[in-house]
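Heads up, work04.cif below (mmCIF, C-alpha atoms):
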data_model
loop_
_atom_site.group_PDB
_atom_site.id
_atom_site.type_symbol
_atom_site.label_atom_id
_atom_site.label_comp_id
_atom_site.auth_asym_id
_atom_site.auth_seq_id
_atom_site.Cartn_x
_atom_site.Cartn_y
_atom_site.Cartn_z
ATOM 1 C CA MET A 212 3.417 11.840 -10.968
ATOM 2 C CA THR A 213 1.819 8.395 -10.804
ATOM 3 C CA LYS A 214 -0.123 7.979 -7.571
ATOM 4 C CA ALA A 215 -1.362 4.759 -6.022
ATOM 5 C CA ILE A 216 -3.386 3.797 -2.971
ATOM 6 C CA ILE A 217 -2.049 1.123 -0.597
ATOM 7 C CA THR A 218 -4.272 -0.475 2.028
ATOM 8 C CA VAL A 219 -3.111 -2.751 4.826
ATOM 9 C CA VAL A 220 -5.658 -4.542 7.031
ATOM 10 C CA GLY A 221 -5.343 -7.288 9.641
ATOM 11 C CA LYS A 222 -4.686 -8.174 13.242
ATOM 12 C CA ASP A 223 -2.334 -5.690 14.872
ATOM 13 C CA ALA A 224 1.258 -6.826 15.352
ATOM 14 C CA VAL A 225 4.644 -5.262 15.932
ATOM 15 C CA GLY A 226 6.455 -4.161 12.769
ATOM 16 C CA ILE A 227 3.646 -3.860 10.210
ATOM 17 C CA ILE A 228 4.365 -0.219 9.371
ATOM 18 C CA ALA A 229 8.132 -0.783 9.452
ATOM 19 C CA LYS A 230 7.991 -3.744 7.073
ATOM 20 C CA VAL A 231 5.763 -2.012 4.519
ATOM 21 C CA CYS A 232 7.576 1.343 4.683
ATOM 22 C CA THR A 233 11.017 -0.296 4.410
ATOM 23 C CA TYR A 234 9.891 -2.087 1.246
ATOM 24 C CA LEU A 235 8.587 1.169 -0.228
ATOM 25 C CA ALA A 236 11.773 3.075 0.596
ATOM 26 C CA ASP A 237 13.965 0.305 -0.828
ATOM 27 C CA ASN A 238 12.001 0.532 -4.094
ATOM 28 C CA GLN A 239 11.868 4.324 -4.447
ATOM 29 C CA VAL A 240 8.158 4.558 -3.732
ATOM 30 C CA ASN A 241 7.497 7.880 -2.003
ATOM 31 C CA ILE A 242 4.813 8.105 0.694
ATOM 32 C CA LEU A 243 2.728 11.240 0.120
ATOM 33 C CA ASP A 244 0.137 10.704 2.852
ATOM 34 C CA ILE A 245 -0.527 8.028 5.438
ATOM 35 C CA THR A 246 -3.184 7.268 8.012
ATOM 36 C CA GLN A 247 -3.472 4.306 10.335
ATOM 37 C CA THR A 248 -5.778 3.204 13.105
ATOM 38 C CA ILE A 249 -6.145 0.292 15.446
ATOM 39 C CA VAL A 250 -9.686 -0.658 16.429
ATOM 40 C CA ASP A 251 -10.246 -3.477 18.908
ATOM 41 C CA GLY A 252 -6.953 -5.107 17.939
ATOM 42 C CA PHE A 253 -7.400 -4.714 14.178
ATOM 43 C CA PHE A 254 -4.886 -2.661 12.221
ATOM 44 C CA ASN A 255 -5.943 -0.511 9.255
ATOM 45 C CA MET A 256 -3.589 1.665 7.200
ATOM 46 C CA MET A 257 -4.132 3.639 4.020
ATOM 47 C CA MET A 258 -1.325 5.318 2.130
ATOM 48 C CA ILE A 259 -1.163 7.526 -0.921
ATOM 49 C CA VAL A 260 2.151 6.924 -2.657
ATOM 50 C CA ASP A 261 4.052 8.098 -5.727
ATOM 51 C CA VAL A 262 5.297 5.139 -7.794
ATOM 52 C CA THR A 263 6.886 7.275 -10.536
ATOM 53 C CA ASP A 264 10.515 6.542 -9.591
ATOM 54 C CA THR A 265 10.338 2.813 -8.891
ATOM 55 C CA GLN A 266 12.299 0.602 -11.269
ATOM 56 C CA LYS A 267 9.794 -2.240 -10.878
ATOM 57 C CA THR A 268 6.583 -2.759 -12.790
ATOM 58 C CA PHE A 269 3.333 -2.012 -10.988
ATOM 59 C CA GLU A 270 2.557 -5.735 -11.082
ATOM 60 C CA GLN A 271 5.871 -6.578 -9.377
ATOM 61 C CA VAL A 272 5.237 -4.026 -6.630
ATOM 62 C CA SER A 273 1.701 -5.356 -6.164
ATOM 63 C CA ASN A 274 2.832 -8.983 -5.955
ATOM 64 C CA GLU A 275 5.692 -8.202 -3.571
ATOM 65 C CA LEU A 276 3.452 -6.141 -1.273
ATOM 66 C CA THR A 277 0.955 -9.027 -1.247
ATOM 67 C CA GLU A 278 3.741 -11.418 -0.212
ATOM 68 C CA ILE A 279 4.988 -9.045 2.498
ATOM 69 C CA GLY A 280 1.444 -8.830 3.834
ATOM 70 C CA LYS A 281 1.126 -12.603 3.941
ATOM 71 C CA SER A 282 4.451 -12.908 5.752
ATOM 72 C CA ILE A 283 3.250 -10.605 8.547
ATOM 73 C CA GLY A 284 -0.376 -11.770 8.661
ATOM 74 C CA VAL A 285 -2.130 -8.827 7.025
ATOM 75 C CA GLN A 286 -3.824 -8.176 3.700
ATOM 76 C CA THR A 287 -1.954 -5.624 1.587
ATOM 77 C CA LYS A 288 -3.313 -4.177 -1.670
ATOM 78 C CA ILE A 289 -2.205 -1.454 -4.063
ATOM 79 C CA GLN A 290 -4.285 0.240 -6.760
ATOM 80 C CA LEU A 291 -3.442 3.034 -9.140
ATOM 81 C CA GLU A 292 -5.222 6.232 -8.126
ATOM 82 C CA GLU A 293 -7.238 6.427 -11.344
ATOM 83 C CA ILE A 294 -8.632 2.905 -10.845
ATOM 84 C CA PHE A 295 -9.328 3.563 -7.159
ATOM 85 C CA ASN A 296 -11.212 6.756 -8.060
ATOM 86 C CA GLN A 297 -13.287 5.003 -10.733
ATOM 87 C CA MET A 298 -14.230 2.184 -8.353
ATOM 88 C CA HIS A 299 -15.383 4.613 -5.666
ATOM 89 C CA ARG A 300 -17.234 7.057 -7.889
ATOM 90 C CA ILE A 301 -20.957 7.382 -7.326
#
Encoding of this model in structure tokens:
Amino acid sequence: MTKAIITVVGKDAVGIIAKVCTYLADNQVNILDITQTIVDGFFNMMMIVDVTDTQKTFEQVSNELTEIGKSIGVQTKIQLEEIFNQMHRI
């Protein structure tokens, strides 16, 4: 299993979760865990996903998620779990 971390941050708006989750489903990226909050009008979501079955390269998924984020006014990033863990290790 190849896990990745997706973060979505920006001003809250209708359809953010739907847009991101539809893209993931259409590309065979399975959501393993998800959390989201809205604080004072700002949306924050973190997802742990399995990218094992996608037919796209990790770079393609990353670029397309970035473009989806731009189209809905949020910042969307994806990192492989191993890189995320190394960056946040003390």
Self-check item: Proximity to A:Val250 - best of A:Ile216, A:Ile283, A:Leu291, A:Asp223, all atoms listed in the file
Solution: A:Asp223
Can you tell me, as an mmCIF file with C-alpha atoms, in the frame of the given file, which residues sit within 12 Å of (-3.6, 0.9, 15.1) in the file's frame, using all atoms listed in the file?
data_model
loop_
_atom_site.group_PDB
_atom_site.id
_atom_site.type_symbol
_atom_site.label_atom_id
_atom_site.label_comp_id
_atom_site.auth_asym_id
_atom_site.auth_seq_id
_atom_site.Cartn_x
_atom_site.Cartn_y
_atom_site.Cartn_z
ATOM 1 C CA VAL A 219 -3.111 -2.751 4.826
ATOM 2 C CA VAL A 220 -5.658 -4.542 7.031
ATOM 3 C CA GLY A 221 -5.343 -7.288 9.641
ATOM 4 C CA LYS A 222 -4.686 -8.174 13.242
ATOM 5 C CA ASP A 223 -2.334 -5.690 14.872
ATOM 6 C CA ALA A 224 1.258 -6.826 15.352
ATOM 7 C CA VAL A 225 4.644 -5.262 15.932
ATOM 8 C CA GLY A 226 6.455 -4.161 12.769
ATOM 9 C CA ILE A 227 3.646 -3.860 10.210
ATOM 10 C CA ILE A 228 4.365 -0.219 9.371
ATOM 11 C CA THR A 246 -3.184 7.268 8.012
ATOM 12 C CA GLN A 247 -3.472 4.306 10.335
ATOM 13 C CA THR A 248 -5.778 3.204 13.105
ATOM 14 C CA ILE A 249 -6.145 0.292 15.446
ATOM 15 C CA VAL A 250 -9.686 -0.658 16.429
ATOM 16 C CA ASP A 251 -10.246 -3.477 18.908
ATOM 17 C CA GLY A 252 -6.953 -5.107 17.939
ATOM 18 C CA PHE A 253 -7.400 -4.714 14.178
ATOM 19 C CA PHE A 254 -4.886 -2.661 12.221
ATOM 20 C CA ASN A 255 -5.943 -0.511 9.255
ATOM 21 C CA MET A 256 -3.589 1.665 7.200
ATOM 22 C CA MET A 257 -4.132 3.639 4.020
#
Exercise. Within 10 Å of A:Thr263, counting all atoms listed in the file, which residues show up once you throw out same-chain ones fewer than 5 positions away? Write them as a ChimeraX atom specification, please.
Key: /A:212-215,239-241,269
Quiz item: How many Å lie between atom CA of A:Lys281 and atom CA of A:Leu243, rounded to one decimal?
Solution: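 A separation of 24.2 Å between them.
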Practice problem: Please write as a count of residues only the full residue list that the PyMOL selection byres ((chain A and resi 275) around 12) yields on this file. | Solution: 24
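Atom to atom, atom CA of A:Ile259 and atom CA of A:Ile245 stand 6.4 Å apart.
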Quiz item: So how many Å separate atom CA of A:Gly284 and atom CA of A:Asp264, to one decimal?
Solution: 28.1 Å
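Among A:Glu293, A:Ile217, A:Ala229, A:Val285, the residue with the shortest atom-to-atom distance to A:Val260, counting only C-alpha atoms, is A:Ile217.
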